[in-house]
Amino acid sequence: MSLRVVWIYPDLLSTYGDHGNVLILERRARMRGIEVETVHVRSDERVPLQGDIYLMGGGEDRPQILAAQRLRNDGGLNKAVAAGATVLAVCAGYQIIGQEFGDDQDRPMPGLGLIEARSGRGQVRGVGEIVAEVDTQLGLPTLTGFENHQGVTRLGPSARPLARTVVGVGNGDGTEGAFYGKIVGTYLHGPALVRNPGLADLLIAWATGGPVRQLPPSWADRLREERLAATRPAPTG
Ligand code: GLN
């Protein structure tokens, strides 16, 4: 079995260690005997159509606009999704896969329309740890991550919130992220898949036609526990 992973626009979209999402996918697939080939696609290159999992990270406001324009002109990601590809898009990437997002002046910019979501600029910047309980449909443990974004996101009926926010801002309405088919959008950095290996395994299962074998606990589980503990209020007395 093999997996083709496509890392979209590392020159524009890769903040707070989002590249770690690529590394953890590679590692958890290889530990199960799945061969992995990863392609890094810079913003002046065509997006290949044959990927199984496409990953996008976060970005500053201006690089985000440029990335959205180039991805729309390229059309490759939309074609790959139409052919059944799996997608994880983080923060700026999450906003880009929606129908529109606000630029630095909150003017609406067109996104890729891969999920029914619209983002604009919120009143406050969401910065810090985020904890969220995942939609029971997906059967995943509590999400932990780091967020830093001005954007707030509203979902249309076909997109389901990925999780309910317990700590932090997420979409800005008590929910965090979105999923639709094999597409996941989230505000979580951390990187998201390192802190949430269950989410990495879900993407691998979707892309390979799953299910995937359980892996033994690792340092990533200790990281999860440490970060979740850091958000709990200190005991009094
Ligand atoms: N520019 C976007 C915002 O502020 C995304 C930020 C990010 O990707 N960290 O909402």
# chains A, B, ... in the order shown; residues from 1 in each chain; ligands from 1

$ residues_near_ligand --ligand "ligand 1" --cutoff "6 Å" --atoms "only C-alpha atoms and all ligand atoms" --output "list in words"
Gly58, Gly59, Glu60, Asp61, Cys91, Ala92, Asn148, His149, Gln150 and Gly151 of chain A

$ select_by_dssp --residues "segment 60-199 of chain A" --states "alpha helix (DSSP H)" --output "PyMOL selection string"
chain A and resi 61-74+76-82+92-97+192-195+197-199

$ closest_residue --among "A:Gly172, A:Gly181, A:Gly122, A:Gly156" --to "Gly98 of chain A" --atoms "only C-alpha atoms"
A:Gly156

$ closest_residue --among "A:Asp104, A:Asp52, A:Asp173, A:Glu35" --to "Leu88 of chain A" --atoms "only C-alpha atoms"
A:Asp52

$ atom_distance --atom1 "atom CA of Arg160 of chain A" --atom2 "atom CA of Ala229 of chain A"
27.6 Å

$ closest_residue --among "A:Asp135, A:Asp18, A:Glu176, A:Glu26" --to "Leu3 of chain A" --atoms "only C-alpha atoms"
A:Glu26

$ residues_around --residues "Met56 of chain A" --least-positions-apart "6" --cutoff "12 Å" --atoms "only C-alpha atoms" --output "PyMOL selection string"
chain A and resi 5-15+17-22+40-43+47+64+67-68+71+77+86-97+183-189+191-192

$ atom_distance --atom1 "atom CA of Val131 of chain A" --atom2 "atom CA of Gly145 of chain A"
6.6 Å

$ atom_distance --atom1 "atom CA of Arg232 of chain A" --atom2 "atom CA of Ala132 of chain A"
12.9 Å

$ closest_residue --among "A:Arg125, A:Arg118, A:Arg195, A:Arg46" --to "Glu147 of chain A" --atoms "only C-alpha atoms"
A:Arg125

$ closest_atom_pairs --of "segment 102-180 of chain A" --to "segment 80-83 of chain A" --cutoff "12 Å" --atoms "only C-alpha atoms" --output "CSV"
residue,atom,partner,partner_atom,distance
A:Leu112,CA,A:Val81,CA,10.9
A:Gly113,CA,A:Val81,CA,11.0
A:Leu114,CA,A:Val81,CA,7.9
A:Ile115,CA,A:Val81,CA,10.7
A:Tyr180,CA,A:Val81,CA,11.1

$ closest_residue --among "A:Val134, A:Gly170, A:Gln69, A:Arg213" --to "Arg30 of chain A" --atoms "only C-alpha atoms"
A:Arg213

$ closest_residue --among "A:Pro233, A:Gly76, A:Pro63, A:Pro197" --to "Pro48 of chain A" --atoms "only C-alpha atoms"
A:Gly76

$ select_by_dssp --residues "segment 25-222 of chain A" --states "strand (DSSP E)" --output "ChimeraX atom specification"
/A:35-41,53-56,86-90,100-102,108-110,117-134,143-155,160-167,175-180,183-186

$ decode --residues "segment 189-201 of chain A" --atoms "all heavy atoms" --output "PDB file, in the first residue's frame"
ATOM      1  N   HIS A 189      -3.052  24.897  15.258  1.00  0.00           N
ATOM      2  CA  HIS A 189      -1.635  24.622  15.031  1.00  0.00           C
ATOM      3  C   HIS A 189      -1.181  23.751  16.198  1.00  0.00           C
ATOM      4  O   HIS A 189      -1.984  23.361  17.028  1.00  0.00           O
ATOM      5  CB  HIS A 189      -0.825  25.918  15.029  1.00  0.00           C
ATOM      6  CG  HIS A 189      -1.277  26.920  14.023  1.00  0.00           C
ATOM      7  ND1 HIS A 189      -0.908  26.868  12.703  1.00  0.00           N
ATOM      8  CD2 HIS A 189      -2.070  27.999  14.144  1.00  0.00           C
ATOM      9  CE1 HIS A 189      -1.452  27.888  12.060  1.00  0.00           C
ATOM     10  NE2 HIS A 189      -2.167  28.595  12.902  1.00  0.00           N
ATOM     11  N   GLY A 190       0.102  23.510  16.272  1.00  0.00           N
ATOM     12  CA  GLY A 190       0.561  22.817  17.471  1.00  0.00           C
ATOM     13  C   GLY A 190       1.765  21.899  17.310  1.00  0.00           C
ATOM     14  O   GLY A 190       2.468  21.736  18.271  1.00  0.00           O
ATOM     15  N   PRO A 191       2.013  21.284  16.126  1.00  0.00           N
ATOM     16  CA  PRO A 191       1.114  21.145  14.973  1.00  0.00           C
ATOM     17  C   PRO A 191      -0.073  20.206  15.294  1.00  0.00           C
ATOM     18  O   PRO A 191       0.057  19.312  16.138  1.00  0.00           O
ATOM     19  CB  PRO A 191       1.997  20.514  13.899  1.00  0.00           C
ATOM     20  CG  PRO A 191       3.404  20.606  14.400  1.00  0.00           C
ATOM     21  CD  PRO A 191       3.327  20.655  15.897  1.00  0.00           C
ATOM     22  N   ALA A 192      -1.171  20.410  14.583  1.00  0.00           N
ATOM     23  CA  ALA A 192      -2.427  19.718  14.898  1.00  0.00           C
ATOM     24  C   ALA A 192      -2.280  18.200  14.931  1.00  0.00           C
ATOM     25  O   ALA A 192      -2.772  17.539  15.838  1.00  0.00           O
ATOM     26  CB  ALA A 192      -3.502  20.113  13.885  1.00  0.00           C
ATOM     27  N   LEU A 193      -1.595  17.626  13.951  1.00  0.00           N
ATOM     28  CA  LEU A 193      -1.530  16.156  13.872  1.00  0.00           C
ATOM     29  C   LEU A 193      -0.534  15.569  14.859  1.00  0.00           C
ATOM     30  O   LEU A 193      -0.617  14.395  15.195  1.00  0.00           O
ATOM     31  CB  LEU A 193      -1.197  15.696  12.447  1.00  0.00           C
ATOM     32  CG  LEU A 193      -2.199  16.103  11.367  1.00  0.00           C
ATOM     33  CD1 LEU A 193      -1.846  15.442  10.039  1.00  0.00           C
ATOM     34  CD2 LEU A 193      -3.635  15.768  11.764  1.00  0.00           C
ATOM     35  N   VAL A 194       0.423  16.381  15.306  1.00  0.00           N
ATOM     36  CA  VAL A 194       1.368  15.904  16.318  1.00  0.00           C
ATOM     37  C   VAL A 194       0.656  15.844  17.666  1.00  0.00           C
ATOM     38  O   VAL A 194       0.761  14.871  18.408  1.00  0.00           O
ATOM     39  CB  VAL A 194       2.611  16.813  16.378  1.00  0.00           C
ATOM     40  CG1 VAL A 194       3.561  16.359  17.476  1.00  0.00           C
ATOM     41  CG2 VAL A 194       3.321  16.828  15.030  1.00  0.00           C
ATOM     42  N   ARG A 195      -0.120  16.872  17.960  1.00  0.00           N
ATOM     43  CA  ARG A 195      -0.851  16.904  19.233  1.00  0.00           C
ATOM     44  C   ARG A 195      -2.060  15.974  19.217  1.00  0.00           C
ATOM     45  O   ARG A 195      -2.569  15.617  20.269  1.00  0.00           O
ATOM     46  CB  ARG A 195      -1.342  18.320  19.494  1.00  0.00           C
ATOM     47  CG  ARG A 195      -0.229  19.253  19.844  1.00  0.00           C
ATOM     48  CD  ARG A 195      -0.622  20.011  21.082  1.00  0.00           C
ATOM     49  NE  ARG A 195       0.018  21.298  21.086  1.00  0.00           N
ATOM     50  CZ  ARG A 195      -0.481  22.334  21.717  1.00  0.00           C
ATOM     51  NH1 ARG A 195      -1.644  22.241  22.342  1.00  0.00           N
ATOM     52  NH2 ARG A 195       0.155  23.469  21.723  1.00  0.00           N
ATOM     53  N   ASN A 196      -2.536  15.646  18.021  1.00  0.00           N
ATOM     54  CA  ASN A 196      -3.758  14.839  17.893  1.00  0.00           C
ATOM     55  C   ASN A 196      -3.533  13.693  16.915  1.00  0.00           C
ATOM     56  O   ASN A 196      -4.039  13.710  15.791  1.00  0.00           O
ATOM     57  CB  ASN A 196      -4.917  15.729  17.420  1.00  0.00           C
ATOM     58  CG  ASN A 196      -5.126  16.922  18.327  1.00  0.00           C
ATOM     59  OD1 ASN A 196      -5.695  16.794  19.401  1.00  0.00           O
ATOM     60  ND2 ASN A 196      -4.619  18.081  17.903  1.00  0.00           N
ATOM     61  N   PRO A 197      -2.740  12.683  17.325  1.00  0.00           N
ATOM     62  CA  PRO A 197      -2.418  11.599  16.399  1.00  0.00           C
ATOM     63  C   PRO A 197      -3.663  10.868  15.892  1.00  0.00           C
ATOM     64  O   PRO A 197      -3.653  10.318  14.785  1.00  0.00           O
ATOM     65  CB  PRO A 197      -1.537  10.648  17.211  1.00  0.00           C
ATOM     66  CG  PRO A 197      -1.240  11.307  18.505  1.00  0.00           C
ATOM     67  CD  PRO A 197      -2.075  12.538  18.636  1.00  0.00           C
ATOM     68  N   GLY A 198      -4.743  10.911  16.687  1.00  0.00           N
ATOM     69  CA  GLY A 198      -5.993  10.273  16.239  1.00  0.00           C
ATOM     70  C   GLY A 198      -6.501  10.923  14.953  1.00  0.00           C
ATOM     71  O   GLY A 198      -7.052  10.237  14.077  1.00  0.00           O
ATOM     72  N   LEU A 199      -6.325  12.229  14.833  1.00  0.00           N
ATOM     73  CA  LEU A 199      -6.750  12.932  13.618  1.00  0.00           C
ATOM     74  C   LEU A 199      -5.865  12.526  12.431  1.00  0.00           C
ATOM     75  O   LEU A 199      -6.351  12.331  11.312  1.00  0.00           O
ATOM     76  CB  LEU A 199      -6.699  14.449  13.852  1.00  0.00           C
ATOM     77  CG  LEU A 199      -7.225  15.360  12.754  1.00  0.00           C
ATOM     78  CD1 LEU A 199      -8.657  15.024  12.363  1.00  0.00           C
ATOM     79  CD2 LEU A 199      -7.127  16.832  13.189  1.00  0.00           C
ATOM     80  N   ALA A 200      -4.567  12.356  12.690  1.00  0.00           N
ATOM     81  CA  ALA A 200      -3.660  11.878  11.627  1.00  0.00           C
ATOM     82  C   ALA A 200      -4.112  10.500  11.145  1.00  0.00           C
ATOM     83  O   ALA A 200      -4.183  10.238   9.939  1.00  0.00           O
ATOM     84  CB  ALA A 200      -2.229  11.803  12.155  1.00  0.00           C
ATOM     85  N   ASP A 201      -4.466   9.629  12.102  1.00  0.00           N
ATOM     86  CA  ASP A 201      -4.882   8.268  11.729  1.00  0.00           C
ATOM     87  C   ASP A 201      -6.199   8.283  10.954  1.00  0.00           C
ATOM     88  O   ASP A 201      -6.401   7.465  10.045  1.00  0.00           O
ATOM     89  CB  ASP A 201      -5.015   7.398  12.973  1.00  0.00           C
ATOM     90  CG  ASP A 201      -3.659   7.101  13.612  1.00  0.00           C
ATOM     91  OD1 ASP A 201      -2.634   7.414  12.981  1.00  0.00           O
ATOM     92  OD2 ASP A 201      -3.634   6.556  14.728  1.00  0.00           O
TER      93      ASP A 201
END
